[in-house]
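Peer 1: Shown below is the structure under consideration.
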Amino acid sequence: MLLELQGVSMAFASLKVVDDLDLHVDEGEIVSVIGPNGAGKTTLFNLVTGVYTPTGGDILFAGSSIRGLDPHQITRRGIARTFQTLRLFLNMSVRENVMAAAYGHTKAGVFRSMLRTPGMRQEEREIRELAEKRLAFFGERLMGYRWDQPAYSLSYANRRRLEIARATATNPRLLLLDEPAAGMNPKETQEITDLIGLLRTEGGYTILVIEHDMHVVEGISDRVIALDHGVKIAEGSFEEVATSPQVIEAYLGTGGMAKK
Amino acid sequence: MSGGYDDELTRPLEGALEATTSEGPTSPAVGRDEWVARHGGNRVQRGGRLGTLEERLRIVPWWAWLATFTALFALLPVVSDSGYVRRVAFDIAIYLLLALGLNVVVGWGGLLDLGYIAFYGVGAYSYALLSSDHFGIHLPTIVSIPLIVVIGACVGFLVGLPSRRLTGDYLAIVSLFFLQLFLTVTTNGDDLFGRNVTGGANGLLNVDPLSLFGHELPVSKDGIFNVAYLYVVLVAFVVVYVALRFVNLSRTGRAWRSLREDALAAEVMGMPVNWLKLMSFAFGAAIAALTGTFVAALNASVFPLSFSFPLLITIYTMVILGGAGSQAGVVIGAVLIGVLLELLRDPGDSRVLFYTIIVLGLVAAFRLSKRLAVVLAGTAVFGLVVHSIAGAVDNDWVNGAGGAGGGVSDFMANWVIVPTDTASWVAPVSYISLVSLALILTLLRGWARLALLVPVLYLAAFVWENVMLSKPEPTRYIILGVLLIGLMIVRPSGLLGEKRVEIV
């Protein structure tokens, strides 16, 4: 198991957002997390990446506990994420956005940078190549003249792609994607579906993804986990979860509409 | 992570490039982008001579700009042998260093550090204590300067420590408190636990001059300012500029700017945000402390009041006006403000400056249009009429101006009212009504605005001649403030600052 949550709980003041959650992701898997708004999906991501420290339970990554570590330490161990509400470095160039994320696995210090030692310049070249490679993953979308453009000049869909490129530049093993298809048109959504598959086959990442678009979820998932009110209500293949009475109830309520 | 798949990652790119060139059947579903494919046609370029000039200037590398700027600066003492000009050049070089240091904290780190000037003071006081009879320590410069840079960095680090989790307003308040603490300690430091440490309000005197390779650099040569000090500071400026440029283009610089853009995203992308904040604080502090040593050595003395609030605002103005985050911009900002503050000292120069700014402002607002002519002519006629009415009522009302000299000053004497002696209420009333009318002006549109503009301009001239000119010290800062407000309206990111977007 690459990632394992053992009885994780999270409460803000007295409000329980995630309650005694058990969850695991195996190496090489693509797992989707679904659930209505406010189900605790993004909180789950914040717990795994260390933005919040769980109030109960433990989180294991590659066999060791990452509970209580700072987010940047967790990232260095191999977990990277994107944000549902895009959080790019808007006033930096597209390429610099990706280069910045290489900070964790590079080491040139300030003084070496001032002197531009051969070692530092070599590392800088490698960071640049890495960034260009990660951007090249998206085909032409983030290529050529766009490298030197500020991130704010990108379209919404390209910003989502840049967020993924930036996350992969941290050289992660586990990639957390928070609603990668949100706000995209059907064609772009199809592209994102293909892309998530490519991220696994070509990139070798294990992927945990939050998604509302059921076509995407169906297209990519090895396994689906449904959350509601911070509790896991269903887990299994897409068909199993999609037909689960609890999931239908969570999405549609208990009225007559829910009956199939 | 095992690097094996890195090479695999380029595959989609190769596929994509193939697809654009040969339209082959291998064209992937992922990543076709029409805009990128024909981006050449979408580029906007300014036409005409200005466009060509822009293109040509873009080729000039950064170090050529830096070398030209420094060479011009260094040639100043050759062009002019006036001790005053050289001293002003030295002061501006000091501003350059201070602005470069502040740019690290504010422009790159995005931290509102209002205690910055205290670090400058720490450097100056450290030098004075380590190179004077006060404690009988006389360290050679070659030892004391590196030591003081380290001291500055450490103090910056310590001040940053309690505030590393603070951002925005909270950090500003805590750092401002530190500046006040520094001033209080230095002012009352003549009796610090029974010992005289800082000399109190009288400061520390008889500080050693700099010594290079065993030679002392006297602060004045043949009775005027010793140019060697200017060169020392210029060398420091070039070193600091280049070093900072290199840091900015390294992983540390990128991390600083990421932190400025979005601290949470930076942290989650693997950057230790708290450490980076401390580092940028320490960097700014070290540069400020280094600058302090030069000033203490040249003045042969340090006083608490040299490190107070007005200087902080001046340096901030330079950074903001030039464009926070852009080193070249900050340099231009420092030179502009430095020269401006000096010009505003002299009533004659500042008068020329004042009316030039007004006319340039009008030209910028109206372009060369009919309305500009209407406003200018209207203001001139308005003034002449008011002046002759006032003169007819009581000659004392218009006799204050020294109308000697030809042309312009003759016209001015017959245009703006300058009473022989003004009642005490005139100054505050005219000043306050000028500010209020200027504010009302921003609410009006169309012809009403033009109509009100004429008396407002005249009132501005009246206030300038009667109130501001007699008090040059506050006037300098008021003019600076007005200029800054004006510039921020036209170019919110400063002269050379990159266009900034906060939320999209």
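Labels used: A, B, ... for chains in the order of the structure tokens, numbers from 1 for residues in each chain, and numbers from 1 for ligands as shown.
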Using only C-alpha atoms and a distance of at most 7 Å, pull out the residues of chain A that contact chain B, as a PyMOL selection string.
Peer 2: chain A and resi 71-73+75-76+80+87+89-91+100-101+103-104+110+113-114+133+136-141+167+170-173+191+195+202-203
Peer 1: Could you turn the residues from that selection into a file that holds N, CA and C atoms, as a compact mmCIF listing (two decimals), in the first residue's frame?
Peer 2:
# COMPACT_ATOMS: atom_id res chain seq x y z
N PRO A 71 3.72 20.49 5.31
CA PRO A 71 3.39 20.14 3.93
C PRO A 71 4.63 19.96 3.04
N HIS A 72 5.65 20.84 3.20
CA HIS A 72 6.79 20.72 2.28
C HIS A 72 7.57 19.43 2.54
N GLN A 73 7.54 18.95 3.80
CA GLN A 73 8.22 17.68 4.09
C GLN A 73 7.47 16.52 3.46
N THR A 75 5.59 16.70 0.80
CA THR A 75 5.82 16.77 -0.64
C THR A 75 7.15 16.11 -1.00
N ARG A 76 8.16 16.35 -0.18
CA ARG A 76 9.47 15.76 -0.46
C ARG A 76 9.46 14.24 -0.38
N ALA A 80 2.17 14.91 -4.23
CA ALA A 80 1.95 16.24 -4.79
C ALA A 80 0.48 16.39 -5.10
N ARG A 87 -4.41 27.54 -7.66
CA ARG A 87 -3.47 28.37 -6.89
C ARG A 87 -2.13 28.39 -7.59
N PHE A 89 1.21 30.40 -9.34
CA PHE A 89 1.98 31.61 -9.06
C PHE A 89 1.75 32.53 -10.25
N LEU A 90 0.66 33.29 -10.18
CA LEU A 90 0.13 33.96 -11.37
C LEU A 90 1.10 34.93 -12.04
N ASN A 91 1.92 35.62 -11.24
CA ASN A 91 2.80 36.62 -11.83
C ASN A 91 4.17 36.07 -12.18
N ALA A 100 9.83 26.20 -10.09
CA ALA A 100 9.78 26.48 -8.66
C ALA A 100 9.48 25.21 -7.87
N ALA A 101 8.67 24.34 -8.45
CA ALA A 101 8.26 23.14 -7.72
C ALA A 101 9.38 22.12 -7.59
N TYR A 103 12.04 22.73 -6.14
CA TYR A 103 12.82 23.17 -4.97
C TYR A 103 13.17 22.01 -4.04
N GLY A 104 12.17 21.17 -3.77
CA GLY A 104 12.34 20.12 -2.76
C GLY A 104 13.42 19.11 -3.08
N VAL A 110 22.15 29.43 -1.36
CA VAL A 110 22.16 30.83 -1.81
C VAL A 110 23.55 31.25 -2.26
N SER A 113 24.50 29.94 -5.51
CA SER A 113 23.75 30.63 -6.56
C SER A 113 24.37 31.98 -6.88
N MET A 114 24.82 32.70 -5.82
CA MET A 114 25.44 34.01 -6.03
C MET A 114 26.68 33.89 -6.88
N LYS A 133 10.22 19.26 -19.86
CA LYS A 133 9.70 17.92 -20.06
C LYS A 133 8.29 17.78 -19.49
N ALA A 136 5.95 19.54 -21.62
CA ALA A 136 5.78 18.85 -22.90
C ALA A 136 4.77 17.72 -22.78
N PHE A 137 4.52 17.28 -21.56
CA PHE A 137 3.56 16.21 -21.34
C PHE A 137 2.18 16.58 -21.88
N PHE A 138 1.90 17.87 -21.95
CA PHE A 138 0.58 18.31 -22.38
C PHE A 138 0.54 18.63 -23.87
N GLY A 139 1.42 18.00 -24.60
CA GLY A 139 1.42 18.25 -26.04
C GLY A 139 1.80 19.69 -26.32
N GLU A 140 1.10 20.31 -27.26
CA GLU A 140 1.44 21.68 -27.63
C GLU A 140 0.89 22.70 -26.67
N ARG A 141 -0.04 22.26 -25.81
CA ARG A 141 -0.80 23.21 -25.00
C ARG A 141 0.06 24.22 -24.26
N ALA A 167 2.69 20.14 -10.25
CA ALA A 167 2.69 19.09 -9.23
C ALA A 167 3.64 17.96 -9.63
N THR A 170 7.48 18.09 -8.75
CA THR A 170 8.03 17.76 -7.44
C THR A 170 8.50 16.30 -7.42
N ASN A 171 8.41 15.61 -8.56
CA ASN A 171 8.76 14.19 -8.68
C ASN A 171 8.03 13.32 -7.66
N PRO A 172 6.72 13.34 -7.71
CA PRO A 172 5.95 12.59 -6.70
C PRO A 172 5.78 11.12 -7.08
N ARG A 173 5.38 10.34 -6.11
CA ARG A 173 4.92 8.98 -6.40
C ARG A 173 3.40 8.96 -6.43
N GLU A 191 -10.23 15.06 -23.00
CA GLU A 191 -8.77 15.13 -23.05
C GLU A 191 -8.16 14.86 -21.68
N LEU A 195 -5.66 12.07 -20.40
CA LEU A 195 -4.42 12.52 -19.79
C LEU A 195 -4.14 11.84 -18.47
N GLU A 202 2.51 6.63 -18.69
CA GLU A 202 3.77 7.24 -19.12
C GLU A 202 4.53 7.79 -17.93
N GLY A 203 3.80 8.40 -16.97
CA GLY A 203 4.46 9.07 -15.86
C GLY A 203 4.76 8.14 -14.71
Peer 1: Within stretch 53-173 of chain B, find each residue whose DSSP state, derived from the backbone, is helix (DSSP H, G or I), and express the selection as a PyMOL selection string.
Peer 2: chain B and resi 53-59+62-79+83-108+116-130+141-163+168-173
Peer 1: Quick one: of A:Ser221, A:Leu5, A:Thr85, A:Ser65, who's nearest to A:Gly197, counting only C-alpha atoms?
Peer 2: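 Result for the nearest residue to A:Gly197: A:Ser221.
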Peer 1: Nearest to A:Leu198: which of A:Ile30, A:Ala242, A:Leu23, A:Val94 is it, counting only C-alpha atoms?
Peer 2: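 Once distances to A:Leu198 are computed over only C-alpha atoms, the minimum belongs to A:Ile30.
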Peer 1: Find the spatial neighbours of A:Glu179, counting only C-alpha atoms, within a cut-off of 12 Å - ignore same-chain residues fewer than 2 positions away - and output them as a PDB file with C-alpha atoms, in the first residue's frame.
Peer 2:
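Just written: out24.pdb:
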ATOM      1  CA  SER A  32     -11.519   8.347  -7.466  1.00  0.00           C
ATOM      2  CA  VAL A  33     -13.186  10.031  -4.521  1.00  0.00           C
ATOM      3  CA  ILE A  34     -16.742  11.182  -5.129  1.00  0.00           C
ATOM      4  CA  GLY A  35     -19.416  12.679  -2.943  1.00  0.00           C
ATOM      5  CA  ASN A  37     -20.308  19.141  -1.952  1.00  0.00           C
ATOM      6  CA  LYS A  41     -13.199  15.353  -0.096  1.00  0.00           C
ATOM      7  CA  THR A  42     -10.953  18.403  -0.219  1.00  0.00           C
ATOM      8  CA  PHE A  45      -6.574  16.067   0.462  1.00  0.00           C
ATOM      9  CA  ARG A  81      -1.407  17.828  -5.378  1.00  0.00           C
ATOM     10  CA  THR A  82      -3.390  20.287  -7.433  1.00  0.00           C
ATOM     11  CA  PHE A  83      -5.985  22.649  -6.051  1.00  0.00           C
ATOM     12  CA  GLN A  84      -9.686  22.794  -6.763  1.00  0.00           C
ATOM     13  CA  THR A  85      -9.523  26.572  -6.642  1.00  0.00           C
ATOM     14  CA  LEU A  86      -6.469  27.082  -8.833  1.00  0.00           C
ATOM     15  CA  ALA A 157      -8.177  24.896 -18.935  1.00  0.00           C
ATOM     16  CA  ARG A 160      -5.532  23.406 -14.772  1.00  0.00           C
ATOM     17  CA  ARG A 161      -2.951  21.703 -16.971  1.00  0.00           C
ATOM     18  CA  GLU A 163      -1.182  22.972 -12.064  1.00  0.00           C
ATOM     19  CA  ILE A 164      -0.754  19.312 -12.963  1.00  0.00           C
ATOM     20  CA  LEU A 176      -3.658  14.068  -5.790  1.00  0.00           C
ATOM     21  CA  LEU A 177      -5.867  15.771  -8.365  1.00  0.00           C
ATOM     22  CA  ALA A 181     -12.085  18.519 -15.079  1.00  0.00           C
ATOM     23  CA  ALA A 182     -13.987  21.283 -13.266  1.00  0.00           C
ATOM     24  CA  GLY A 183     -15.027  24.064 -15.601  1.00  0.00           C
ATOM     25  CA  MET A 184     -13.899  22.315 -18.764  1.00  0.00           C
ATOM     26  CA  THR A 189     -12.979  16.846 -20.309  1.00  0.00           C
ATOM     27  CA  ILE A 192      -8.302  15.258 -19.268  1.00  0.00           C
ATOM     28  CA  THR A 193      -9.646  11.701 -19.008  1.00  0.00           C
ATOM     29  CA  ILE A 196      -4.980  10.991 -16.375  1.00  0.00           C
ATOM     30  CA  LEU A 208      -5.998   9.774  -6.179  1.00  0.00           C
ATOM     31  CA  VAL A 209      -8.553  12.036  -7.815  1.00  0.00           C
ATOM     32  CA  ILE A 210     -11.590  13.990  -6.663  1.00  0.00           C
ATOM     33  CA  GLU A 211     -14.064  14.388  -9.497  1.00  0.00           C
ATOM     34  CA  HIS A 212     -17.684  15.322  -9.969  1.00  0.00           C
ATOM     35  CA  ASP A 213     -17.933  14.432 -13.647  1.00  0.00           C
ATOM     36  CA  MET A 214     -19.120  10.816 -13.652  1.00  0.00           C
ATOM     37  CA  VAL A 216     -14.414  11.048 -16.118  1.00  0.00           C
ATOM     38  CA  VAL A 217     -14.761   8.900 -12.998  1.00  0.00           C
TER      39      VAL A 217
END
Peer 1: Atom CA of B:Ser175 to atom CA of B:Gly156: how many Å, to one decimal?
Peer 2: 10.2 Å
Peer 1: Please determine, counting only C-alpha atoms, which residue among A:Thr243, A:Thr206, A:Thr254, A:Ser14 has the shortest atom-to-atom distance to A:Glu27.
Peer 2: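 Nearest to A:Glu27: A:Thr206.
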Peer 1: Report, in Å with one decimal, the straight-line distance from atom CA of B:Pro218 to atom CA of B:Ala288.
Peer 2: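 We find that atom CA of B:Pro218 and atom CA of B:Ala288 lie 23.1 Å from each other.
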Peer 1: Using only C-alpha atoms, which of the listed residues (A:His24, A:Arg200, A:His105, A:Arg95) sits closest to A:Ala165?
Peer 2: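 So, comparing all the options, the nearest one is A:Arg95.
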Peer 1: Near stretch 15-20 of chain A, within 7 Å and counting only C-alpha atoms, which residues show up once chain neighbours fewer than 5 positions away are dropped, as a list in words?
Peer 2: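 Neighbouring residues, sequence-local ones excluded: Gly7, Val8, Ser9, Met10, Gly40, His229, Gly230 and Val231 of chain A.
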Peer 1: Take the residues from that selection and put them in a file with N, CA and C atoms, as a tab-separated table (two decimals), in the first residue's frame.
Peer 2:
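Just written: selection.tsv:
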chain	number	residue	atom	x	y	z
A	7	GLY	N	-8.28	5.26	10.47
A	7	GLY	CA	-9.20	5.90	11.42
A	7	GLY	C	-9.00	7.39	11.55
A	8	VAL	N	-8.79	8.05	10.40
A	8	VAL	CA	-8.48	9.48	10.46
A	8	VAL	C	-9.73	10.31	10.73
A	9	SER	N	-9.63	11.23	11.70
A	9	SER	CA	-10.72	12.16	11.99
A	9	SER	C	-10.20	13.58	11.92
A	10	MET	N	-11.09	14.48	11.55
A	10	MET	CA	-10.73	15.90	11.53
A	10	MET	C	-11.93	16.69	11.99
A	40	GLY	N	-16.34	16.35	2.48
A	40	GLY	CA	-15.04	16.21	3.13
A	40	GLY	C	-13.95	15.74	2.18
A	229	HIS	N	-20.65	13.39	4.36
A	229	HIS	CA	-20.50	13.88	5.73
A	229	HIS	C	-19.26	13.31	6.41
A	230	GLY	N	-18.18	13.20	5.67
A	230	GLY	CA	-16.92	12.76	6.25
A	230	GLY	C	-16.83	11.27	6.52
A	231	VAL	N	-17.81	10.52	6.04
A	231	VAL	CA	-17.80	9.07	6.27
A	231	VAL	C	-17.80	8.37	4.93
Peer 1: Counting only C-alpha atoms, figure out which residue out of A:Gly236, A:Gly28, A:Gly56, A:Gly119 gets nearest to A:Arg223.
Peer 2: A:Gly236
Peer 1: Need the shell around A:Glu126: protein/DNA/RNA residues with any atom at most 10 Å away, counting only C-alpha atoms. Skip same-chain ones fewer than 5 positions apart. Format as a compact mmCIF listing (two decimals) with C-alpha atoms, in the first residue's frame?
Peer 2:
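That gives us part_12.txt:
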# COMPACT_ATOMS: atom_id res chain seq x y z
CA MET A 99 10.73 25.14 -12.10
CA ALA A 102 11.64 21.44 -8.16
CA THR A 106 17.36 20.24 -5.61
CA MET A 120 24.75 25.14 -9.46
CA ARG A 121 24.55 25.91 -13.17
CA ALA A 131 10.26 21.77 -16.32
CA GLU A 132 10.22 21.67 -20.10
Peer 1: As a PyMOL selection string, please: the residues near B:Asn196 (cut-off 12 Å, only C-alpha atoms, same-chain neighbours under 4 positions excluded).
Peer 2: chain B and resi 129+134-135+185-192+200-204
Peer 1: So that I can see what lies close to stretch 293-297 of chain B, please list as an mmCIF file with C-alpha atoms, in the first residue's frame the residues with an atom at most 7 Å from it, counting only C-alpha atoms and leaving out residues fewer than 6 positions away in the same chain.
Peer 2:
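What landed in part32.cif:
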data_model
loop_
_atom_site.group_PDB
_atom_site.id
_atom_site.type_symbol
_atom_site.label_atom_id
_atom_site.label_comp_id
_atom_site.auth_asym_id
_atom_site.auth_seq_id
_atom_site.Cartn_x
_atom_site.Cartn_y
_atom_site.Cartn_z
ATOM 1 C CA GLY B 123 24.831 48.428 10.608
ATOM 2 C CA ALA B 124 25.773 52.056 11.207
ATOM 3 C CA TYR B 127 30.403 50.115 12.662
ATOM 4 C CA ALA B 128 30.562 53.080 15.022
ATOM 5 C CA VAL B 207 33.982 57.300 14.111
ATOM 6 C CA ASP B 208 36.950 56.030 12.091
ATOM 7 C CA PRO B 209 36.966 56.473 8.337
ATOM 8 C CA LEU B 210 37.130 53.367 6.143
#
